[in-house]
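To be precise, the following lines are start-v2.cif, and they hold mmCIF, C-alpha atoms and all ligand atoms.
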data_structure
loop_
_atom_site.label_atom_id
_atom_site.label_comp_id
_atom_site.auth_asym_id
_atom_site.auth_seq_id
_atom_site.Cartn_x
_atom_site.Cartn_y
_atom_site.Cartn_z
CA MET A 1 -15.13 -57.14 -52.39
CA SER A 2 -17.73 -54.62 -51.22
CA ASP A 3 -19.60 -57.42 -49.41
CA VAL A 4 -16.39 -58.58 -47.74
CA LEU A 5 -15.15 -55.21 -46.42
CA PRO A 6 -17.77 -54.84 -43.65
CA GLN A 7 -16.87 -58.36 -42.48
CA LEU A 8 -13.19 -57.38 -42.50
CA ASP A 9 -14.05 -54.35 -40.35
CA GLU A 10 -15.62 -56.70 -37.85
CA LEU A 11 -12.71 -59.16 -38.02
CA LEU A 12 -9.83 -56.68 -37.89
CA PHE A 13 -11.30 -53.87 -35.80
CA PHE A 14 -13.94 -55.59 -33.66
CA SER A 15 -13.14 -53.44 -30.64
CA VAL A 16 -12.36 -50.23 -32.51
CA ASP A 17 -14.93 -47.69 -33.66
CA ASP A 18 -14.74 -45.44 -36.70
CA VAL A 19 -11.99 -47.28 -38.63
CA PRO A 20 -13.41 -48.85 -41.80
CA VAL A 21 -11.19 -51.08 -43.91
CA VAL A 22 -10.63 -49.64 -47.40
CA SER A 23 -8.73 -52.56 -48.91
CA VAL A 24 -6.70 -55.65 -48.07
CA GLU A 25 -3.77 -56.74 -50.19
CA VAL A 26 -1.76 -59.95 -49.77
CA ILE A 27 1.83 -59.59 -50.95
CA ASP A 28 4.09 -62.69 -50.65
CA THR A 29 4.76 -62.82 -46.91
CA ALA A 30 2.75 -59.78 -45.85
CA VAL A 31 -0.80 -58.50 -45.64
CA ARG A 32 -1.33 -54.79 -46.16
CA VAL A 33 -4.54 -53.46 -44.63
CA GLU A 34 -5.57 -50.02 -45.80
CA ALA A 35 -7.92 -48.26 -43.39
CA ARG A 36 -8.95 -44.74 -42.51
CA THR A 37 -10.33 -42.94 -39.53
CA THR A 38 -13.81 -41.45 -39.65
CA ALA A 39 -14.50 -40.10 -36.15
CA ARG A 40 -16.08 -36.65 -36.28
CA GLN A 41 -13.95 -35.31 -33.47
CA ALA A 42 -10.73 -35.95 -31.62
CA ALA A 43 -9.45 -34.88 -28.20
CA CYS A 44 -6.49 -32.54 -27.93
CA PRO A 45 -3.74 -34.26 -25.90
CA GLU A 46 -2.73 -30.93 -24.35
CA CYS A 47 -6.04 -29.48 -23.09
CA GLY A 48 -8.44 -32.40 -23.59
CA GLY A 49 -10.85 -30.28 -25.65
CA GLN A 50 -12.73 -31.91 -28.51
CA SER A 51 -12.20 -30.56 -32.00
CA GLY A 52 -13.83 -31.30 -35.33
CA ARG A 53 -11.67 -28.93 -37.39
CA ILE A 54 -9.47 -31.07 -39.64
CA HIS A 55 -6.07 -29.60 -40.49
CA GLY A 56 -4.90 -32.40 -42.80
CA SER A 57 -4.22 -36.10 -43.02
CA TYR A 58 -1.22 -38.37 -43.18
CA LEU A 59 -0.42 -42.07 -43.39
CA ARG A 60 0.67 -44.18 -40.46
CA PHE A 61 2.02 -47.70 -40.85
CA PRO A 62 1.60 -49.48 -37.53
CA ARG A 63 2.62 -53.14 -37.41
CA ASP A 64 -0.14 -55.46 -36.30
CA LEU A 65 -0.41 -59.03 -35.07
CA PRO A 66 0.35 -61.53 -37.84
CA ALA A 67 -2.49 -63.20 -39.75
CA ALA A 68 -2.22 -66.73 -41.14
CA GLY A 69 1.55 -66.66 -40.71
CA LYS A 70 1.97 -63.40 -42.63
CA LEU A 71 3.04 -60.13 -41.11
CA VAL A 72 0.37 -57.48 -41.16
CA VAL A 73 1.15 -53.86 -41.93
CA MET A 74 -1.57 -51.32 -41.70
CA SER A 75 -1.76 -48.29 -43.91
CA LEU A 76 -3.88 -46.05 -41.73
CA ARG A 77 -4.92 -42.64 -42.97
CA ALA A 78 -5.14 -40.56 -39.82
CA ARG A 79 -5.83 -36.86 -39.48
CA ARG A 80 -4.49 -33.80 -37.74
CA PHE A 81 -6.99 -31.55 -36.05
CA VAL A 82 -6.82 -27.89 -35.09
CA CYS A 83 -7.31 -27.37 -31.36
CA ALA A 84 -10.53 -25.45 -30.82
CA LYS A 85 -9.35 -23.69 -27.68
CA GLY A 86 -7.59 -20.44 -28.42
CA THR A 87 -5.73 -20.55 -25.12
CA CYS A 88 -4.20 -23.98 -25.76
CA GLN A 89 -0.44 -24.24 -26.34
CA ARG A 90 -0.98 -26.77 -29.11
CA ARG A 91 -2.32 -25.52 -32.42
CA THR A 92 -2.73 -28.89 -34.14
CA PHE A 93 -2.63 -32.48 -32.96
CA ALA A 94 -2.71 -35.96 -34.46
CA GLU A 95 -5.76 -38.04 -33.66
CA GLN A 96 -5.32 -41.37 -31.90
CA VAL A 97 -7.66 -44.31 -32.23
CA PRO A 98 -8.38 -45.77 -28.79
CA GLY A 99 -7.61 -49.47 -28.77
CA LEU A 100 -5.58 -49.24 -31.98
CA THR A 101 -2.93 -46.52 -31.89
CA ARG A 102 -1.11 -44.41 -29.38
CA ARG A 103 1.04 -41.34 -29.71
CA CYS A 104 4.44 -42.17 -31.22
CA GLY A 105 3.48 -45.84 -31.40
CA ARG A 106 4.75 -47.88 -34.33
CA ARG A 107 2.68 -50.91 -33.36
CA THR A 108 -1.02 -51.45 -32.86
CA GLU A 109 -2.22 -51.71 -29.30
CA ARG A 110 -3.01 -55.42 -29.67
CA LEU A 111 0.51 -56.15 -30.95
CA ARG A 112 1.97 -54.02 -28.16
CA SER A 113 -0.10 -55.95 -25.59
CA ALA A 114 1.03 -59.29 -27.04
CA LEU A 115 4.69 -58.22 -26.92
CA VAL A 116 4.30 -57.02 -23.33
CA ALA A 117 2.85 -60.43 -22.43
CA VAL A 118 5.78 -62.21 -24.13
CA GLY A 119 8.22 -59.90 -22.36
CA LEU A 120 6.65 -60.60 -18.97
CA ALA A 121 6.52 -64.35 -19.52
CA LEU A 122 9.88 -64.96 -21.16
CA ALA A 123 11.88 -61.71 -20.81
CA GLY A 124 14.95 -61.00 -23.00
CA ARG A 125 16.50 -63.59 -25.31
CA ALA A 126 13.81 -66.28 -25.00
CA GLY A 127 11.12 -63.69 -25.65
CA ALA A 128 12.96 -62.32 -28.67
CA ARG A 129 13.21 -65.85 -30.11
CA MET A 130 9.47 -66.34 -29.54
CA THR A 131 8.65 -63.10 -31.40
CA ASN A 132 10.68 -64.43 -34.35
CA VAL A 133 8.46 -67.51 -34.42
CA PHE A 134 5.37 -65.29 -34.52
CA GLU A 135 6.77 -63.14 -37.37
CA VAL A 136 6.90 -59.99 -35.27
CA PRO A 137 10.59 -59.92 -34.41
CA VAL A 138 11.72 -57.47 -31.77
CA SER A 139 14.99 -57.26 -29.92
CA ARG A 140 15.44 -58.47 -26.36
CA ASN A 141 16.04 -54.86 -25.32
CA THR A 142 12.66 -53.84 -26.77
CA LEU A 143 10.98 -56.61 -24.79
CA LEU A 144 12.77 -55.62 -21.60
CA ARG A 145 11.97 -51.91 -21.79
CA GLY A 146 8.50 -52.39 -23.31
CA PRO A 147 7.39 -51.95 -26.92
CA ASN A 148 6.58 -48.43 -28.14
CA LYS A 149 9.03 -46.85 -25.73
CA GLY A 150 11.58 -45.85 -28.33
CA VAL A 151 14.80 -44.17 -27.35
CA GLY A 152 15.54 -40.86 -28.98
CA ARG A 153 12.56 -40.92 -31.31
CA VAL A 154 10.89 -37.62 -31.97
CA CYS A 155 7.19 -37.43 -32.68
CA ARG A 156 4.72 -34.61 -32.75
ZN ZN B 1 -5.74 -28.06 -27.01
#
Could you render the structure from this file as structure tokens?
Amino acid sequence: MSDVLPQLDELLFFSVDDVPVVSVEVIDTAVRVEARTTARQAACPECGGQSGRIHGSYLRFPRDLPAAGKLVVMSLRARRFVCAKGTCQRRTFAEQVPGLTRRCGRRTERLRSALVAVGLALAGRAGARMTNVFEVPVSRNTLLRGPNKGVGRVCR
């Protein structure tokens, strides 16, 4: 498996830096990809300052594009950083992985982009039926308003 993991990094995260795959598990109709972030620093979303002071870590479970007809769920260990600027309003912040995650996003960027494309091409009901075929079902309302624009969700 140790020989395979670097190849999985290249396959799953070809356009994303600093996210090595830890393990891949196939469970019935799903693939669970465990990964972690390793960037030395992250940018504070409030002031834009870079920080390397890690406050803690947590798990995120963004849905990804399906693979071989199975839904893919990532188990991504991401970190919170302490903002280095004393004058900043934000004390800690969650790191984002450009090209993979976004703040409050429950889907990977590539899945979000695919759903946006389906929404633009087919719109509501037809688009929702198409997402069922691709094993990433979303409602017609989600397609119409755009994925990752949840209503009433609270994130930090
Ligand atoms: Zn800051």
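Checking A:Cys83, A:Leu12, A:Met74, A:Val19 one by one against ligand ZN 1 (chain B), counting only C-alpha atoms and all ligand atoms, you find the shortest gap at A:Cys83.
Atom pair atom CA of A:Leu76 / atom CA of A:Thr92 has a distance of 18.8 Å (rounded to one decimal).
Near A:Ala117, within a cut-off of 12 Å and counting only C-alpha atoms, sit the residues Arg110, Leu111, Arg112, Ser113, Ala121, Leu122, Ala123, Gly127, Met130, Thr131, Leu143, Leu144, Gly146 and Pro147 of chain A, with same-chain residues fewer than 4 positions away left out.
Nearest-residue note for A:Thr87: choosing from A:Pro62, A:Gly105, A:Gly49, A:Gly56, the minimum distance belongs to A:Gly49, counting all atoms listed in the file.
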Please identify every polymer residue within 8 Å of ligand ZN 1 (chain B), using all atoms listed in the file, and present the set as a PyMOL selection string.
-> chain A and resi 43-49+83-92
Could you tell me how far atom CA of A:Lys70 lies from atom CA of A:Phe134, in Å and to one decimal?
-> 9.0 Å
Which centre and edge lengths in Å to one decimal define the box along x, y and z that fits every listed atom of stretch 63-81 of chain A plus 6 Å per side, as lines of an AutoDock Vina configuration file?
center_x = -2.0
center_y = -49.1
center_z = -39.5
size_x = 22.0
size_y = 47.2
size_z = 20.8
Could you please determine the separation between atom CA of A:Leu120 and atom CA of A:Phe13 in Å, to one decimal place?
-> 25.5 Å
Provide stretch 7-28 of chain A rebuilt to N, CA, C and O atoms, formatted as a PDB file, keeping the file's coordinate frame.
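Once everything was written out, this is part23.pdb:
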ATOM      1  N   GLN A   7     -17.273 -57.216 -43.287  1.00  0.00           N
ATOM      2  CA  GLN A   7     -16.870 -58.360 -42.480  1.00  0.00           C
ATOM      3  C   GLN A   7     -15.423 -58.214 -42.025  1.00  0.00           C
ATOM      4  O   GLN A   7     -15.062 -58.609 -40.923  1.00  0.00           O
ATOM      5  N   LEU A   8     -14.572 -57.629 -42.895  1.00  0.00           N
ATOM      6  CA  LEU A   8     -13.190 -57.380 -42.500  1.00  0.00           C
ATOM      7  C   LEU A   8     -13.117 -56.338 -41.391  1.00  0.00           C
ATOM      8  O   LEU A   8     -12.282 -56.435 -40.497  1.00  0.00           O
ATOM      9  N   ASP A   9     -13.989 -55.320 -41.449  1.00  0.00           N
ATOM     10  CA  ASP A   9     -14.050 -54.350 -40.350  1.00  0.00           C
ATOM     11  C   ASP A   9     -14.293 -55.061 -39.033  1.00  0.00           C
ATOM     12  O   ASP A   9     -13.635 -54.797 -38.037  1.00  0.00           O
ATOM     13  N   GLU A  10     -15.267 -55.970 -39.066  1.00  0.00           N
ATOM     14  CA  GLU A  10     -15.620 -56.700 -37.850  1.00  0.00           C
ATOM     15  C   GLU A  10     -14.480 -57.604 -37.407  1.00  0.00           C
ATOM     16  O   GLU A  10     -14.180 -57.708 -36.219  1.00  0.00           O
ATOM     17  N   LEU A  11     -13.796 -58.242 -38.346  1.00  0.00           N
ATOM     18  CA  LEU A  11     -12.710 -59.160 -38.020  1.00  0.00           C
ATOM     19  C   LEU A  11     -11.478 -58.408 -37.507  1.00  0.00           C
ATOM     20  O   LEU A  11     -10.896 -58.762 -36.490  1.00  0.00           O
ATOM     21  N   LEU A  12     -11.084 -57.358 -38.209  1.00  0.00           N
ATOM     22  CA  LEU A  12      -9.830 -56.680 -37.890  1.00  0.00           C
ATOM     23  C   LEU A  12      -9.976 -55.624 -36.809  1.00  0.00           C
ATOM     24  O   LEU A  12      -9.035 -55.356 -36.077  1.00  0.00           O
ATOM     25  N   PHE A  13     -11.125 -54.988 -36.738  1.00  0.00           N
ATOM     26  CA  PHE A  13     -11.300 -53.870 -35.800  1.00  0.00           C
ATOM     27  C   PHE A  13     -12.536 -54.069 -34.941  1.00  0.00           C
ATOM     28  O   PHE A  13     -13.318 -53.152 -34.746  1.00  0.00           O
ATOM     29  N   PHE A  14     -12.717 -55.283 -34.416  1.00  0.00           N
ATOM     30  CA  PHE A  14     -13.940 -55.590 -33.660  1.00  0.00           C
ATOM     31  C   PHE A  14     -14.103 -54.715 -32.438  1.00  0.00           C
ATOM     32  O   PHE A  14     -15.208 -54.451 -32.011  1.00  0.00           O
ATOM     33  N   SER A  15     -13.013 -54.252 -31.848  1.00  0.00           N
ATOM     34  CA  SER A  15     -13.140 -53.440 -30.640  1.00  0.00           C
ATOM     35  C   SER A  15     -12.828 -51.965 -30.893  1.00  0.00           C
ATOM     36  O   SER A  15     -12.664 -51.193 -29.968  1.00  0.00           O
ATOM     37  N   VAL A  16     -12.745 -51.590 -32.159  1.00  0.00           N
ATOM     38  CA  VAL A  16     -12.360 -50.230 -32.510  1.00  0.00           C
ATOM     39  C   VAL A  16     -13.477 -49.584 -33.329  1.00  0.00           C
ATOM     40  O   VAL A  16     -13.938 -50.167 -34.310  1.00  0.00           O
ATOM     41  N   ASP A  17     -13.880 -48.400 -32.927  1.00  0.00           N
ATOM     42  CA  ASP A  17     -14.930 -47.690 -33.660  1.00  0.00           C
ATOM     43  C   ASP A  17     -14.314 -46.757 -34.696  1.00  0.00           C
ATOM     44  O   ASP A  17     -13.194 -46.286 -34.549  1.00  0.00           O
ATOM     45  N   ASP A  18     -15.073 -46.487 -35.724  1.00  0.00           N
ATOM     46  CA  ASP A  18     -14.740 -45.440 -36.700  1.00  0.00           C
ATOM     47  C   ASP A  18     -13.470 -45.692 -37.493  1.00  0.00           C
ATOM     48  O   ASP A  18     -12.760 -44.748 -37.846  1.00  0.00           O
ATOM     49  N   VAL A  19     -13.146 -46.966 -37.779  1.00  0.00           N
ATOM     50  CA  VAL A  19     -11.990 -47.280 -38.630  1.00  0.00           C
ATOM     51  C   VAL A  19     -12.413 -48.316 -39.665  1.00  0.00           C
ATOM     52  O   VAL A  19     -12.189 -49.512 -39.489  1.00  0.00           O
ATOM     53  N   PRO A  20     -13.043 -47.881 -40.765  1.00  0.00           N
ATOM     54  CA  PRO A  20     -13.410 -48.850 -41.800  1.00  0.00           C
ATOM     55  C   PRO A  20     -12.207 -49.282 -42.632  1.00  0.00           C
ATOM     56  O   PRO A  20     -11.288 -48.506 -42.884  1.00  0.00           O
ATOM     57  N   VAL A  21     -12.224 -50.553 -43.035  1.00  0.00           N
ATOM     58  CA  VAL A  21     -11.190 -51.080 -43.910  1.00  0.00           C
ATOM     59  C   VAL A  21     -11.486 -50.619 -45.332  1.00  0.00           C
ATOM     60  O   VAL A  21     -12.614 -50.722 -45.815  1.00  0.00           O
ATOM     61  N   VAL A  22     -10.485 -50.094 -46.017  1.00  0.00           N
ATOM     62  CA  VAL A  22     -10.630 -49.640 -47.400  1.00  0.00           C
ATOM     63  C   VAL A  22     -10.255 -50.763 -48.361  1.00  0.00           C
ATOM     64  O   VAL A  22     -10.934 -51.013 -49.353  1.00  0.00           O
ATOM     65  N   SER A  23      -9.147 -51.445 -48.057  1.00  0.00           N
ATOM     66  CA  SER A  23      -8.730 -52.560 -48.910  1.00  0.00           C
ATOM     67  C   SER A  23      -7.784 -53.468 -48.136  1.00  0.00           C
ATOM     68  O   SER A  23      -7.191 -53.060 -47.138  1.00  0.00           O
ATOM     69  N   VAL A  24      -7.646 -54.688 -48.626  1.00  0.00           N
ATOM     70  CA  VAL A  24      -6.700 -55.650 -48.070  1.00  0.00           C
ATOM     71  C   VAL A  24      -5.930 -56.242 -49.237  1.00  0.00           C
ATOM     72  O   VAL A  24      -6.522 -56.660 -50.237  1.00  0.00           O
ATOM     73  N   GLU A  25      -4.609 -56.236 -49.118  1.00  0.00           N
ATOM     74  CA  GLU A  25      -3.770 -56.740 -50.190  1.00  0.00           C
ATOM     75  C   GLU A  25      -2.773 -57.754 -49.615  1.00  0.00           C
ATOM     76  O   GLU A  25      -2.114 -57.461 -48.617  1.00  0.00           O
ATOM     77  N   VAL A  26      -2.705 -58.930 -50.216  1.00  0.00           N
ATOM     78  CA  VAL A  26      -1.760 -59.950 -49.770  1.00  0.00           C
ATOM     79  C   VAL A  26      -0.572 -59.933 -50.723  1.00  0.00           C
ATOM     80  O   VAL A  26      -0.729 -60.088 -51.931  1.00  0.00           O
ATOM     81  N   ILE A  27       0.613 -59.694 -50.149  1.00  0.00           N
ATOM     82  CA  ILE A  27       1.830 -59.590 -50.950  1.00  0.00           C
ATOM     83  C   ILE A  27       2.848 -60.579 -50.384  1.00  0.00           C
ATOM     84  O   ILE A  27       3.403 -60.330 -49.326  1.00  0.00           O
ATOM     85  N   ASP A  28       3.104 -61.671 -51.081  1.00  0.00           N
ATOM     86  CA  ASP A  28       4.090 -62.690 -50.650  1.00  0.00           C
ATOM     87  C   ASP A  28       3.931 -63.047 -49.176  1.00  0.00           C
ATOM     88  O   ASP A  28       3.073 -63.805 -48.826  1.00  0.00           O
TER      89      ASP A  28
END
